[in-house]
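Trainee: Pasting in a structure now, in structure tokens, and then I'll have a few things to ask.
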Amino acid sequence: MEKLTIEGLTAVAEDTESIPEFAIGLEGVKGKPIRLSISGRIELDNLLSFRSELENFFERMVPASITLDLAGLEYVDSAGALALIDFKSEAKELEIPFNFENASKKIKGVMSLIDPEALTLASRRPEERPPGFFILVGETARLLWKDFYNLQSFLGDLLYALAYCLRHPHTLRWGDILLYMTRSGVEALPILSMMSLGTGAVIAFMSALQLKQLGAIEYVAPLVAIAVVKELGPLLTAILVSGRSGSAFAAEIGTMKVKEEVDALSTMGFEPVRFLSVPKVLASIIVLPLLTLYSMFFCIAGGFLVGVYLLDLTAFSYIDQTMKNVTLFDLVASLIKSVVFAVVVAGVGCQRGFEVRGGAEAVGTMTTSAVVTSLFIIVMIDGAFAIVLHYIR
Amino acid sequence: MVAEKRFPNQGEKPVIVVDRLTAGYGENIILEDVQLEVYPGEILVIVGGSGCGKSTLMKQMIGLNLPFSGKVLVNGINVHTEDETERGKLRREIGVAFQAGALFGSMTLGENVALPLQEYTNLPEDEINRIVRMKLGMVNLAGYENYLPDELSGGMQKRAGLARAMALDPMVLFFDEPSAGLDPVTAVELDILIKSINAGMEITMVVITHELQSIFNIAHRVIMLDKEARGVIAAGDPRYLKEQAQDPRVHNFFNRLPARLKERNF
Ligand SMILES: Nc1ncnc2c1ncn2[C@@H]1O[C@H](COP(=O)(O)OP(=O)(O)OP(=O)(O)O)[C@@H](O)[C@H]1O
Ligand SMILES: [Mg+2]
């Protein structure tokens with residue numbers, strides 16, 4: 001009769017002092033009834049070495065029957081108990097008689113909690129596989145279409161709610177409108193002036209480098225003025241408001257959605273779009289043209305500073321050139337454009353907020369999407385404006 | 001008449017020692033000079049009126065908030081220890097099932113339960129999956145591993161939270177309001193589950209609950225907190241407290257029981 005003891009290999013762990021150990025004693029010879037006595041501890045930390053000790057045990061020993069003596073086993077956690085139960089099921093599959101011996105009350109207790117059926121039960125829902133190429137393309141196209149459709153129908157809801165509120169001004173929540181005007185207007189002033197001043201200065205400086213070679217340095221002022229009034233002012237402002245406020249609207253409504261606050265509003269008889277979106281959109285419509293004017297002023301001021309202090313233009317000629325080249329038509333067109341941008345930025349922000357399903361992660365995704373989508377739409381609309389204005393003149 | 005019973009392992013080395021703990025928020029003292037021991041294998045239930053500091057005490061015991069003074073030891077380790085390895089050990093010994101489950105919404109149930117296993121062990125993927133299946137089976141959620149939390153009912157989420165809390169076979173399991181928001185039948189099922197896990201794995205449990213029925217079902221021992229007293233006003237076997245307590249606050253709490261249940265022998 002051979003007798004051997006296999007010391008449990010210790011798993012690699014950070015702190016060496018507390019690695020649990022086990023030992024398996026084996027009595028019996030190949031092909032005959034075998035008695036295994038397990039002692040020590042089996043838990044998560046040495047589960048792997050325990051499993052590998054018993055790996056291929058049945059092929060190696062071909063036992064006629066197995067008795068597992070657990071008298072020396074001090075402790076098993078549920079993972080350890082799972083390993084013991086797995087060992088038993090393996091024996092059962094091979095139709096080898098198997099029994100546990102001397103299991104303490106505690107070990108029996110742990111094993112009784114494990115439901116062997118649960119381990120083999122098929123998932124109620126199969127794991128999702130990554131889709132194939134064509135499915136991916138189709139699915140993306142479908143989602144894009146659905147997204148476009150949702151945006152359109154939200155725009156419809158929004159315009160309806162706006163019209164309703166304008167016909168019934170007493171239903172407007174003026175407090176909210178003021179709050180959002182402060183948030184997306186007043187609080188945006190410092191950063192907007194910094195951005196605009198810098199942009200104006202850089203444009204003046206870079207164009208001066210080129211214009212100097214042509215001896216046309218006095219054209220710096222018109223160049224800055226036209227670029228700023230026609231394009232940069234509205235664009236810069238819309239981009240800034242989209243990043244600051246569009247994202248905030250999406251996150252706010254999205255979180256309300258997650259916490260079922262939007263549902264609560266509906267059940268209390270409030271129209272969520274009217275209650276939540278209209279104040280934000282109206283505030284943006286009021287604030288964005290003003291911000292645009294503000295931004296234009298600082299852009300031109302940036303150009304002015306560069307022109308006067310670096311390019312040796314006189315203050316009078318700079319201002320004079322600027323005034324001559326800015327037309328009222330351009331200014332009004334830009335302000336109208338900024339109103340459209342306001343509807344886009346605030347509307348898309350709110351719509352993305354309402355799209356949130358699920359939890360925290362969806363809020364993040366939709367906030368990002370709010371900014372990306374509104375920037376995309378802004379660029380498209382800007383292009384459309386440029387073409388239309390060109391032909392109107 | 002009920003004699004005061006001994007609860008399991010009374011007198012053994014306690015798993016949790018709350019030593020002269022004073023805690024609160026800002027200037028506001030909620031708990032003052034609280035002394036408490038939790039013994040291995042027992043189910044300790046914390047009760048008391050709303051706002052008396054039950055959740056505050058639990059947050060202290062799991063080391064989420066710093067105390068004003070005093071300390072909490074779990075298995076001999078201060079819950080606010082600076083030592084990294086000690087803290088890692090501590091995190092493995094403590095499992096917390098939060099009131100609303102606190103499952104991560106972007107992960108499936110299986111991933112939620114697997115998370116601590118991936119973090120604290122070096123087991124391979126399929127081994128972890130097996131353990132996850134077993135844990136979900138323990139809380140009767142076998143087969144739901146690919147579901148997202150918000151696709152489940154409140155009771156199922158609570159059970160899944162329990163499975164995640166048990167992922168590493170902690171020494172102590174904290175449970176905030178297990179039966180709040182559940183229908184009576186589901187609540188009793190959860191009580192049975194808690195009891196069987198306690199009996200099977202001998203996990204020490206600290207449970208906060210308002211439900212009298214739940215208290216009588218699961219508690220080996222209760223402590224009652226009080227807002228004015230800023231601490232523990234009664235401790236012991238709930239049946240004993242119900243019949244013998246002299247303090248009217250304690251007596252009232254434990255006797256606000258429907259007559260039908262009074263006769264029943266738990
Ligand atoms: N984060 C916090 N900041 C300030 N005060 C708090 C905070 N959390 C709780 N409190 C105050 O501490 C006191 C105890 O609160 P705690 O949440 O511990 O009560 P509780 O016993 O769990 O009540 P409930 O049964 O309603 O959950 C309350 O008066 C509460 O106002
Ligand atoms: Mg609480």
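By convention in this document, the chains of the structure tokens carry letters A, B, ... by their order, each chain's residues are numbered from 1, and ligands are numbered from 1 in the order they are shown.
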Return the neighbours of chain B among the residues of chain A, cut-off 10 Å, counting only C-alpha atoms, as a ChimeraX atom specification.
Mentor: /A:11-15,18,43-48,76-80,82-83,105-128,357-362
Trainee: Counting only C-alpha atoms and all ligand atoms, which protein, DNA or RNA residues come within 10 Å of ligand 1, given as number ranges by chain?
Mentor: B: 23-31, 46-60, 65, 99, 176-177, 208-210, 225-227, 230
Trainee: Excluding Glu93 in chain B and residues on its chain fewer than 3 positions from it, collect all residues at most 12 Å away from it, counting only C-alpha atoms, and give them as an MDAnalysis selection string.
Mentor: chainID B and resid 15:16 62 73:77 79 86:90 96 116 120 165:174 203:205
Trainee: Nearest to Pro234 in chain A among A:Leu136, A:Ile42, A:Leu276, A:Leu335, with distances taken over only C-alpha atoms: which residue is it?
Mentor: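 Smallest distance to Pro234 in chain A is found for A:Leu335.
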Trainee: What parts of range 145-254 of chain B does DSSP call strand (DSSP E or B)? I'd like the answer as a list in words.
Mentor: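 Restricting range 145-254 of chain B to strand (DSSP E or B) produces Val172, Leu173, Phe174, Phe175, Asp176, Thr204, Met205, Val206, Val207, Ile208, Arg221, Val222, Ile223, Met224, Leu225, Asp226, Gly231, Val232, Ile233, Ala234, Ala235 and Gly236 of chain B.
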Trainee: Would you output that residue set with N, CA and C atoms, as a tab-separated table (two decimals), in the first residue's frame?
Mentor:
```
chain	number	residue	atom	x	y	z
B	172	VAL	N	-17.83	39.48	8.35
B	172	VAL	CA	-18.99	40.24	8.82
B	172	VAL	C	-19.77	40.79	7.64
B	173	LEU	N	-21.08	40.65	7.74
B	173	LEU	CA	-21.93	41.16	6.68
B	173	LEU	C	-22.85	42.23	7.27
B	174	PHE	N	-22.83	43.42	6.67
B	174	PHE	CA	-23.72	44.49	7.11
B	174	PHE	C	-24.88	44.58	6.13
B	175	PHE	N	-26.05	44.85	6.67
B	175	PHE	CA	-27.23	44.83	5.84
B	175	PHE	C	-28.13	45.99	6.24
B	176	ASP	N	-28.25	46.99	5.37
B	176	ASP	CA	-29.08	48.14	5.72
B	176	ASP	C	-30.50	47.92	5.22
B	204	THR	N	-20.98	36.53	10.66
B	204	THR	CA	-21.55	37.46	11.62
B	204	THR	C	-22.32	38.52	10.85
B	205	MET	N	-23.51	38.86	11.34
B	205	MET	CA	-24.30	39.82	10.58
B	205	MET	C	-24.76	40.95	11.46
B	206	VAL	N	-24.68	42.14	10.89
B	206	VAL	CA	-25.24	43.32	11.55
B	206	VAL	C	-26.32	43.85	10.64
B	207	VAL	N	-27.55	43.85	11.13
B	207	VAL	CA	-28.69	44.18	10.28
B	207	VAL	C	-29.44	45.37	10.86
B	208	ILE	N	-29.75	46.33	10.01
B	208	ILE	CA	-30.61	47.43	10.43
B	208	ILE	C	-32.00	47.14	9.90
B	221	ARG	N	-29.83	38.91	18.77
B	221	ARG	CA	-29.73	39.97	19.77
B	221	ARG	C	-30.10	41.28	19.08
B	222	VAL	N	-30.76	42.15	19.79
B	222	VAL	CA	-31.02	43.49	19.24
B	222	VAL	C	-30.39	44.54	20.12
B	223	ILE	N	-30.00	45.64	19.52
B	223	ILE	CA	-29.72	46.83	20.32
B	223	ILE	C	-30.66	47.90	19.83
B	224	MET	N	-31.12	48.72	20.78
B	224	MET	CA	-32.02	49.79	20.40
B	224	MET	C	-31.33	51.12	20.64
B	225	LEU	N	-31.33	51.96	19.59
B	225	LEU	CA	-30.75	53.30	19.72
B	225	LEU	C	-31.85	54.31	19.98
B	226	ASP	N	-31.46	55.43	20.59
B	226	ASP	CA	-32.45	56.47	20.81
B	226	ASP	C	-31.84	57.82	20.51
B	231	GLY	N	-27.52	57.10	21.97
B	231	GLY	CA	-26.78	55.86	22.12
B	231	GLY	C	-27.72	54.68	22.35
B	232	VAL	N	-27.14	53.61	22.87
B	232	VAL	CA	-27.88	52.37	23.06
B	232	VAL	C	-28.71	52.46	24.33
B	233	ILE	N	-30.03	52.23	24.22
B	233	ILE	CA	-30.84	52.26	25.44
B	233	ILE	C	-31.27	50.86	25.87
B	234	ALA	N	-31.14	49.88	24.98
B	234	ALA	CA	-31.48	48.52	25.39
B	234	ALA	C	-30.73	47.54	24.52
B	235	ALA	N	-30.42	46.37	25.08
B	235	ALA	CA	-29.76	45.34	24.29
B	235	ALA	C	-30.20	43.99	24.81
B	236	GLY	N	-30.37	43.05	23.92
B	236	GLY	CA	-30.71	41.71	24.38
B	236	GLY	C	-31.56	40.95	23.38
```
Trainee: Would you return as a PyMOL selection string the members of range 111-253 of chain B that DSSP assigns to alpha helix (DSSP H) on this structure's backbone?
Mentor: chain B and resi 111-120+125-138+154-165+184-201+212-218+238-244+248-253
Trainee: I'd like the contact shell of Pro97 in chain A - 12 Å cut-off, only C-alpha atoms, skipping same-chain residues fewer than 4 positions apart - returned as a PyMOL selection string.
Mentor: chain A and resi 32-35+62-68+88-93
Trainee: Give me, as a short mmCIF file (atom, residue, chain, number, x, y, z; two decimals) with all heavy atoms, in the first residue's frame, all polymer residues having an atom no more than 10 Å from Gly101 in chain B, counting only C-alpha atoms and skipping those fewer than 4 positions away in the same chain.
Mentor:
```
data_model
loop_
_atom_site.label_atom_id
_atom_site.label_comp_id
_atom_site.auth_asym_id
_atom_site.auth_seq_id
_atom_site.Cartn_x
_atom_site.Cartn_y
_atom_site.Cartn_z
N VAL B 96 -20.93 44.61 2.57
CA VAL B 96 -22.04 45.51 2.87
C VAL B 96 -23.11 45.38 1.79
O VAL B 96 -22.81 45.50 0.61
CB VAL B 96 -21.59 46.98 2.95
CG1 VAL B 96 -22.75 47.86 3.39
CG2 VAL B 96 -20.41 47.13 3.89
N ALA B 97 -24.33 45.11 2.22
CA ALA B 97 -25.46 45.11 1.28
C ALA B 97 -26.23 46.39 1.54
O ALA B 97 -26.75 46.60 2.63
CB ALA B 97 -26.33 43.88 1.51
N PRO B 149 -29.05 45.37 -13.64
CA PRO B 149 -29.81 45.59 -12.40
C PRO B 149 -31.19 46.21 -12.63
O PRO B 149 -32.16 45.79 -11.99
CB PRO B 149 -28.92 46.54 -11.61
CG PRO B 149 -27.55 46.25 -12.08
CD PRO B 149 -27.67 45.86 -13.52
N GLY B 154 -37.20 45.18 -7.21
CA GLY B 154 -36.48 45.66 -6.04
C GLY B 154 -35.96 44.53 -5.16
O GLY B 154 -34.83 44.56 -4.69
N GLY B 155 -36.80 43.51 -4.96
CA GLY B 155 -36.39 42.39 -4.11
C GLY B 155 -35.23 41.62 -4.73
O GLY B 155 -34.30 41.20 -4.04
N MET B 156 -35.29 41.47 -6.05
CA MET B 156 -34.20 40.76 -6.72
C MET B 156 -32.91 41.57 -6.64
O MET B 156 -31.83 41.01 -6.43
CB MET B 156 -34.56 40.52 -8.19
CG MET B 156 -35.66 39.50 -8.39
SD MET B 156 -36.36 39.70 -10.03
CE MET B 156 -35.61 38.33 -10.87
N GLN B 157 -33.03 42.89 -6.78
CA GLN B 157 -31.83 43.72 -6.67
C GLN B 157 -31.21 43.59 -5.29
O GLN B 157 -30.00 43.56 -5.14
CB GLN B 157 -32.18 45.18 -6.94
CG GLN B 157 -32.52 45.45 -8.38
CD GLN B 157 -32.75 46.92 -8.65
OE1 GLN B 157 -32.41 47.77 -7.85
NE2 GLN B 157 -33.35 47.22 -9.78
N LYS B 158 -32.09 43.53 -4.28
CA LYS B 158 -31.58 43.41 -2.92
C LYS B 158 -30.81 42.11 -2.74
O LYS B 158 -29.75 42.06 -2.13
CB LYS B 158 -32.73 43.46 -1.94
CG LYS B 158 -32.59 44.65 -1.07
CD LYS B 158 -33.79 44.93 -0.27
CE LYS B 158 -33.88 46.43 -0.24
NZ LYS B 158 -34.91 46.91 0.62
N ARG B 159 -31.39 41.04 -3.31
CA ARG B 159 -30.71 39.74 -3.20
C ARG B 159 -29.40 39.75 -3.96
O ARG B 159 -28.40 39.20 -3.52
CB ARG B 159 -31.63 38.64 -3.69
CG ARG B 159 -32.64 38.23 -2.63
CD ARG B 159 -33.49 37.09 -3.09
NE ARG B 159 -34.57 37.54 -3.95
CZ ARG B 159 -35.06 36.85 -4.96
NH1 ARG B 159 -34.56 35.66 -5.24
NH2 ARG B 159 -36.03 37.32 -5.68
N ALA B 160 -29.40 40.42 -5.12
CA ALA B 160 -28.17 40.50 -5.89
C ALA B 160 -27.11 41.29 -5.12
O ALA B 160 -25.93 40.93 -5.12
CB ALA B 160 -28.43 41.15 -7.24
N GLY B 161 -27.57 42.35 -4.43
CA GLY B 161 -26.65 43.13 -3.59
C GLY B 161 -26.05 42.25 -2.51
O GLY B 161 -24.87 42.36 -2.18
N LEU B 162 -26.89 41.36 -1.96
CA LEU B 162 -26.41 40.42 -0.94
C LEU B 162 -25.36 39.48 -1.54
O LEU B 162 -24.32 39.23 -0.94
CB LEU B 162 -27.60 39.64 -0.39
CG LEU B 162 -27.32 38.61 0.69
CD1 LEU B 162 -26.68 39.27 1.90
CD2 LEU B 162 -28.62 37.92 1.12
N ARG B 164 -23.39 40.05 -4.02
CA ARG B 164 -22.13 40.77 -4.23
C ARG B 164 -21.41 40.98 -2.90
O ARG B 164 -20.18 40.86 -2.82
CB ARG B 164 -22.38 42.12 -4.90
CG ARG B 164 -21.10 42.81 -5.29
CD ARG B 164 -21.33 44.15 -5.94
NE ARG B 164 -21.89 45.11 -5.00
CZ ARG B 164 -22.26 46.34 -5.33
NH1 ARG B 164 -22.15 46.73 -6.58
NH2 ARG B 164 -22.75 47.15 -4.43
N ALA B 165 -22.18 41.30 -1.85
CA ALA B 165 -21.56 41.51 -0.54
C ALA B 165 -20.89 40.23 -0.05
O ALA B 165 -19.90 40.28 0.67
CB ALA B 165 -22.61 41.98 0.46
N PHE B 175 -26.05 44.85 6.67
CA PHE B 175 -27.23 44.83 5.84
C PHE B 175 -28.13 45.99 6.24
O PHE B 175 -28.65 46.00 7.34
CB PHE B 175 -27.96 43.49 6.04
CG PHE B 175 -28.59 42.97 4.79
CD1 PHE B 175 -28.54 41.62 4.49
CD2 PHE B 175 -29.24 43.81 3.92
CE1 PHE B 175 -29.11 41.11 3.34
CE2 PHE B 175 -29.82 43.33 2.77
CZ PHE B 175 -29.76 41.99 2.48
N ASP B 176 -28.25 46.99 5.37
CA ASP B 176 -29.08 48.14 5.72
C ASP B 176 -30.50 47.92 5.22
O ASP B 176 -30.74 47.83 4.02
CB ASP B 176 -28.49 49.43 5.12
CG ASP B 176 -29.05 50.68 5.77
OD1 ASP B 176 -29.95 50.55 6.62
OD2 ASP B 176 -28.60 51.78 5.44
N PRO B 178 -32.90 45.39 5.07
CA PRO B 178 -33.12 44.38 4.03
C PRO B 178 -34.58 44.29 3.60
O PRO B 178 -34.86 44.08 2.44
CB PRO B 178 -32.67 43.07 4.69
CG PRO B 178 -32.66 43.34 6.14
CD PRO B 178 -32.40 44.80 6.31
#
```
